[in-house]
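Q: This is target29.cif, which holds mmCIF, C-alpha atoms:
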```cif
data_run
#
loop_
_atom_site.label_atom_id
_atom_site.label_comp_id
_atom_site.auth_asym_id
_atom_site.auth_seq_id
_atom_site.Cartn_x
_atom_site.Cartn_y
_atom_site.Cartn_z
CA MET A 1 -3.57 -10.32 10.82
CA SER A 2 -4.85 -12.56 8.04
CA ILE A 3 -2.86 -12.09 4.90
CA GLU A 4 -6.13 -12.52 3.05
CA SER A 5 -6.91 -8.92 4.04
CA LEU A 6 -4.11 -7.55 1.87
CA CYS A 7 -5.37 -4.74 -0.33
CA ILE A 8 -3.76 -4.37 -3.75
CA PRO A 9 -3.80 -0.96 -5.51
CA GLN A 10 -6.58 -0.36 -8.00
CA THR A 11 -4.12 0.00 -10.85
CA LEU A 12 -3.35 -3.70 -10.88
CA THR A 13 -5.22 -6.17 -13.04
CA LEU A 14 -4.92 -9.49 -11.25
CA ARG A 15 -5.05 -12.58 -13.36
CA SER A 16 -4.30 -16.26 -13.23
CA SER A 17 -1.03 -17.26 -14.84
CA SER A 18 -3.07 -19.35 -17.27
CA VAL A 19 -4.77 -16.26 -18.68
CA GLN A 20 -3.01 -14.51 -21.55
CA ARG A 21 -2.44 -10.75 -21.48
CA ASP A 22 -4.25 -8.76 -24.14
CA PRO A 23 -1.33 -7.45 -26.28
CA SER A 24 -3.28 -4.29 -27.06
CA ARG A 25 -3.53 -3.39 -23.38
CA LYS A 26 -0.81 -1.21 -21.90
CA SER A 27 0.45 -2.00 -18.43
CA THR A 28 -1.50 -0.53 -15.57
CA TRP A 29 1.71 0.71 -13.97
CA ALA A 30 1.70 3.68 -16.32
CA SER A 31 -1.01 5.37 -14.29
CA ILE A 32 -1.97 5.04 -10.64
CA LYS A 33 -5.42 6.47 -11.28
CA SER A 34 -6.97 3.66 -13.28
CA PRO A 35 -10.29 2.53 -11.75
CA LYS A 36 -9.99 -1.01 -13.08
CA PHE A 37 -9.59 -3.84 -10.62
CA GLN A 38 -10.31 -7.40 -11.65
CA ARG A 39 -10.23 -10.49 -9.49
CA ASP A 40 -10.37 -14.19 -10.17
CA PRO A 41 -12.43 -15.66 -7.29
CA SER A 42 -11.09 -19.16 -7.97
CA ARG A 43 -7.57 -17.99 -7.11
CA ILE A 44 -8.19 -15.57 -4.32
CA GLY A 45 -10.70 -17.49 -2.25
CA ASN A 46 -12.23 -15.33 0.41
CA PHE A 47 -9.93 -12.38 -0.28
CA SER A 48 -11.97 -9.19 -0.11
CA ALA A 49 -10.61 -6.02 -1.68
CA ARG A 50 -13.93 -4.26 -1.26
CA SER A 51 -15.05 -4.11 2.34
CA SER A 52 -17.55 -1.29 2.33
CA SER A 53 -20.51 -3.50 3.24
CA SER A 54 -21.54 -3.03 6.84
CA VAL A 55 -23.84 -4.32 9.53
CA GLU A 56 -25.57 -2.43 12.30
CA ASN A 57 -24.78 -3.56 15.82
CA GLY A 58 -26.76 -1.61 18.40
CA GLY A 59 -26.51 1.56 16.31
CA PHE A 60 -22.78 1.05 15.72
CA LYS A 61 -21.83 0.49 12.10
CA GLN A 62 -19.20 -2.19 11.71
CA PHE A 63 -17.61 -3.25 8.45
CA SER A 64 -17.77 -6.92 7.58
CA ASN A 65 -14.07 -7.50 8.24
CA GLY A 66 -14.17 -5.94 11.71
CA ILE A 67 -13.25 -2.32 10.93
CA GLY A 68 -15.81 0.01 12.47
CA GLU A 69 -16.72 3.67 12.30
CA LYS A 70 -14.57 4.42 15.34
CA ASP A 71 -11.51 2.60 14.04
CA GLY A 72 -8.63 4.55 12.59
CA VAL A 73 -6.15 2.96 10.18
CA ILE A 74 -2.62 4.29 9.78
CA ILE A 75 -0.58 3.03 6.84
CA VAL A 76 3.05 3.68 7.67
CA ASP A 77 6.10 3.40 5.44
CA HIS A 78 9.74 4.10 6.21
CA GLY A 79 9.84 7.65 4.91
CA SER A 80 12.26 9.16 2.42
CA ARG A 81 14.19 12.35 1.78
CA ARG A 82 12.79 12.15 -1.74
CA LYS A 83 9.53 14.08 -1.85
CA GLU A 84 8.13 12.07 -4.74
CA SER A 85 8.49 8.83 -2.80
CA ASN A 86 6.60 10.21 0.18
CA LEU A 87 3.81 11.51 -2.05
CA MET A 88 3.29 8.03 -3.44
CA LEU A 89 2.20 6.87 0.01
CA ASN A 90 -0.51 9.52 -0.08
CA GLU A 91 -1.66 8.15 -3.43
CA PHE A 92 -1.76 4.63 -2.07
CA VAL A 93 -3.68 5.69 1.03
CA ALA A 94 -6.22 7.48 -1.18
CA MET A 95 -6.71 4.31 -3.22
CA PHE A 96 -6.93 2.20 -0.06
CA ARG A 97 -9.52 4.54 1.46
CA GLU A 98 -11.63 4.57 -1.70
CA ARG A 99 -11.43 0.81 -2.21
CA THR A 100 -12.20 -0.21 1.37
CA GLY A 101 -14.60 2.55 2.33
CA TYR A 102 -12.95 2.84 5.76
CA PRO A 103 -13.90 6.22 7.28
CA ILE A 104 -10.59 7.05 8.98
CA VAL A 105 -7.36 6.28 7.12
CA GLU A 106 -4.16 8.29 7.48
CA PRO A 107 -0.64 8.03 6.01
CA ALA A 108 2.45 8.18 8.19
CA HIS A 109 6.21 7.94 7.79
CA MET A 110 8.35 6.21 10.37
CA GLU A 111 11.12 8.78 9.92
CA LEU A 112 12.62 11.39 7.58
CA ALA A 113 9.27 12.91 6.57
CA GLU A 114 5.93 14.16 7.82
CA PRO A 115 3.32 13.22 8.90
CA SER A 116 4.85 11.15 11.65
CA ILE A 117 3.15 8.25 13.41
CA ARG A 118 2.39 10.65 16.28
CA ASP A 119 0.76 13.12 13.88
CA ALA A 120 -1.34 10.42 12.20
CA PHE A 121 -2.36 8.91 15.54
CA GLY A 122 -3.58 12.30 16.73
CA LEU A 123 -5.52 12.89 13.51
CA CYS A 124 -7.28 9.55 13.88
CA VAL A 125 -8.35 10.42 17.43
CA GLU A 126 -9.48 13.89 16.37
CA ARG A 127 -11.68 12.28 13.74
CA GLY A 128 -13.34 10.08 16.35
CA ALA A 129 -11.23 6.93 16.51
CA ASP A 130 -11.12 5.06 19.80
CA ARG A 131 -9.03 2.23 18.33
CA VAL A 132 -6.10 2.75 15.98
CA ILE A 133 -4.72 0.06 13.68
CA ILE A 134 -1.21 0.64 12.40
CA SER A 135 -0.46 -1.27 9.22
CA PRO A 136 3.21 -1.25 8.15
CA PHE A 137 3.71 -0.75 4.43
CA PHE A 138 6.68 -3.12 4.55
CA LEU A 139 7.21 -6.44 2.82
CA PHE A 140 8.82 -8.50 5.57
CA PRO A 141 9.22 -8.34 9.36
CA GLY A 142 12.39 -6.72 10.63
CA ARG A 143 13.66 -4.30 13.24
CA HIS A 144 11.36 -1.51 12.10
CA TRP A 145 8.34 -3.78 12.57
CA TYR A 146 9.19 -5.38 15.90
CA GLN A 147 11.03 -2.47 17.51
CA ASP A 148 10.84 0.98 15.92
CA ILE A 149 7.19 1.22 14.91
CA PRO A 150 5.91 -0.25 18.22
CA SER A 151 8.09 2.19 20.16
CA LEU A 152 6.93 5.22 18.17
CA THR A 153 3.29 4.13 18.40
CA ALA A 154 3.45 3.55 22.15
CA ASP A 155 4.92 7.01 22.57
CA ALA A 156 2.13 8.55 20.49
CA ALA A 157 -0.56 6.64 22.40
CA LYS A 158 0.57 8.08 25.75
CA ASP A 159 -1.41 11.25 25.00
CA TYR A 160 -4.62 9.24 24.53
CA PRO A 161 -5.00 6.78 27.43
CA GLY A 162 -8.55 5.85 26.41
CA VAL A 163 -7.55 4.78 22.90
CA SER A 164 -6.40 1.23 22.19
CA TYR A 165 -4.16 0.32 19.30
CA MET A 166 -2.60 -2.60 17.50
CA ILE A 167 0.16 -3.08 14.94
CA THR A 168 -0.55 -5.53 12.17
CA ALA A 169 1.94 -7.80 10.44
CA PRO A 170 3.69 -6.44 7.34
CA LEU A 171 2.58 -7.56 3.89
CA GLY A 172 4.59 -10.77 4.04
CA LEU A 173 4.09 -13.59 1.56
CA HIS A 174 0.96 -13.44 -0.55
CA GLU A 175 0.32 -14.87 -3.99
CA LEU A 176 -1.12 -11.57 -5.20
CA LEU A 177 2.32 -10.01 -4.77
CA VAL A 178 3.45 -12.30 -7.58
CA ASP A 179 1.01 -10.48 -9.86
CA VAL A 180 2.31 -7.13 -8.63
CA MET A 181 5.90 -8.10 -9.37
CA ASN A 182 5.05 -9.62 -12.74
CA ASP A 183 3.06 -6.58 -13.85
CA ARG A 184 5.91 -4.29 -12.82
CA ILE A 185 8.49 -6.30 -14.78
CA LYS A 186 6.31 -6.43 -17.89
CA HIS A 187 5.66 -2.71 -17.79
CA CYS A 188 9.34 -1.85 -17.42
CA LEU A 189 10.17 -4.07 -20.39
CA SER A 190 7.42 -2.38 -22.39
CA HIS A 191 8.86 1.01 -21.47
CA VAL A 192 12.35 0.00 -22.57
CA ALA A 193 10.83 -1.18 -25.86
CA GLY A 194 9.18 2.20 -26.32
CA ASP A 195 5.64 0.88 -25.93
CA ALA A 196 4.80 2.42 -22.55
CA ASP A 197 5.51 5.55 -20.54
CA GLU A 198 7.56 5.57 -17.36
CA CYS A 199 5.58 4.33 -14.40
CA ALA A 200 4.72 6.56 -11.45
CA ALA A 201 7.63 5.19 -9.41
CA CYS A 202 10.38 6.32 -11.78
CA ALA A 203 8.69 9.05 -13.80
CA GLY A 204 11.19 11.75 -14.67
CA THR A 205 14.21 9.82 -13.42
CA SER A 206 15.19 8.05 -16.67
CA LYS A 207 16.31 5.12 -14.52
CA CYS A 208 14.22 2.50 -16.26
CA LYS A 209 16.49 1.50 -19.15
CA LEU A 210 18.80 -1.24 -20.32
CA TYR A 211 22.43 -0.89 -19.24
CA ARG A 212 25.55 -2.29 -20.84
CA LEU A 213 28.97 -2.64 -19.27
CA MET A 214 30.43 0.28 -21.23
CA ASP A 215 27.54 2.52 -20.11
CA VAL A 216 28.35 1.75 -16.48
CA ILE A 217 32.08 2.35 -17.00
CA LYS A 218 31.40 5.75 -18.61
CA THR A 219 29.33 6.91 -15.67
#
```
Please, can you express the file's structure as structure tokens?
A:
Amino acid sequence: MSIESLCIPQTLTLRSSSVQRDPSRKSTWASIKSPKFQRDPSRIGNFSARSSSSVENGGFKQFSNGIGEKDGVIIVDHGSRRKESNLMLNEFVAMFRERTGYPIVEPAHMELAEPSIRDAFGLCVERGADRVIISPFFLFPGRHWYQDIPSLTADAAKDYPGVSYMITAPLGLHELLVDVMNDRIKHCLSHVAGDADECAACAGTSKCKLYRLMDVIKT
């Protein structure tokens, strides 16, 4: 998998480090529903966040990056006992589906929550997929990537012998992740300063705050 195919959520405003942030603009982390998405072509090269253009090949519509109408994409995370964490994957998948225009995209959790990889695999096939692409929503390769997800996917695929599948690399190293991290840090600092609401990740938890030694000792 080319890391140039990494899709960043719509809520991020990507910018070169040489560009100054507009002080009047609140961080995009406050809301995951913002439609804004800006790119600097000089930094990103041939990175394509919008892949909805297509070509006809013998009556078969194929997207410019190789995803076709009969391809299903499963975005799989670890899974959590915390309901709010699992729901965030649904939000990301919705953004991914809207941004890319891919016709078949399903969320899945490796464990602890539903839908499972087996469930998502079946849904992709039901919707017409004859090839399923599993994309781990993980930063770096580890046991889950090279052992657990392949095992669970192979088990799910047994019920559909005519369907091929592949497992892509995790997100890995990509310069756009620097922008993600930087935007997160700046928003959290703005929240602590009282200039921004809690982001979607920690809304309602009151976890995003400055701690002092005495505060830790008291708890």
Q: So how many Å separate CA of Asp159 (chain A) and CA of Met110 (chain A), to one decimal?
A: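 For CA of Asp159 (chain A) relative to CA of Met110 (chain A), the distance reads 18.3 Å.
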Q: Residues proximal to (-13.7, 4.0, 10.4) were defined as those with any atom within 6 Å of that point in the file's coordinates, counting all atoms listed in the file. Which are they, as a VMD selection string?
A: chain A and resid 68 to 72 102 to 104
Q: On this file, the PyMOL selection byres ((chain A and resi 169) around 8) gives some set of residues; write that set as number ranges by chain.
A: A: 1, 135-136, 141, 145, 167-168, 170-172
Q: If you measure from CA of Val105 (chain A) to CA of Asn86 (chain A), what distance in Å do you get, rounded to one decimal?
A: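 Straight-line distance from CA of Val105 (chain A) to CA of Asn86 (chain A) works out to 16.1 Å.
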Q: Leaving out Val132 (chain A) and any residue of its chain fewer than 2 positions from it, which residues lie within 9 Å of it when counting all atoms listed in the file, given as a list in words?
A: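 In the requested form, the answer reads Lys70, Asp71, Gly72, Val73, Ile74, Phe121, Cys124, Val125, Ala129, Asp130, Ile134, Val163, Ser164, Tyr165, Met166 and Ile167 of chain A.
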Q: For Ala156 (chain A), which residue out of A:Cys208, A:Ala120, A:Leu87, A:Ala113 is the nearest one, using all atoms listed in the file?
A: A:Ala120
Q: Which residues would end up in the selection if the PyMOL selection byres ((chain A and resi 191) around 12) were applied here, given that I need the answer as a list in words?
A: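 That expression, the PyMOL selection byres ((chain A and resi 191) around 12), corresponds here to Lys26, Ser27, Trp29, Ala30, Arg184, Ile185, Lys186, His187, Cys188, Leu189, Ser190, Val192, Ala193, Gly194, Asp195, Ala196, Asp197, Glu198, Cys199, Cys202, Ala203, Ser206, Lys207, Cys208, Lys209 and Leu210 of chain A.
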Q: Listed atoms of region 142-160 of chain A, axis-aligned box, 8 Å per side: centre and edge lengths to one decimal in Å, as AutoDock Vina command-line options?
A:
```
--center_x 4.5 --center_y 2.3 --center_z 18.2 --size_x 34.3 --size_y 34.0 --size_z 31.1
```
Q: Rank A:Glu111, A:Asn90, A:Ile67, A:Asn182 by their smallest atom-to-atom distance to Asp148 (chain A), using only C-alpha atoms, and report the top residue only.
A: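 Distance minimum relative to Asp148 (chain A) lands on A:Glu111.
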Q: Rounded to one decimal in Å, what is the spacing between CA of Val76 (chain A) and CA of Asp179 (chain A)?
A: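 Atom-to-atom, CA of Val76 (chain A) and CA of Asp179 (chain A) are spaced 22.6 Å apart.
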Q: Using all atoms listed in the file, can you tell me which of A:Asp77, A:Glu84, A:Glu91, A:Glu175 comes closest to Phe138 (chain A)?
A: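 Ranking A:Asp77, A:Glu84, A:Glu91, A:Glu175 by distance to Phe138 (chain A), first place goes to A:Asp77.
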Q: Counting all atoms listed in the file, which residue out of A:Leu89, A:Tyr211, A:Arg99, A:Arg118 sits closest to Leu152 (chain A)?
A: A:Arg118
Q: Calculated over all atoms listed in the file, which of the candidates A:His109, A:Arg131, A:His174, A:Arg212 has the smallest distance to His144 (chain A)?
A: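 Result for the nearest residue to His144 (chain A): A:His109.
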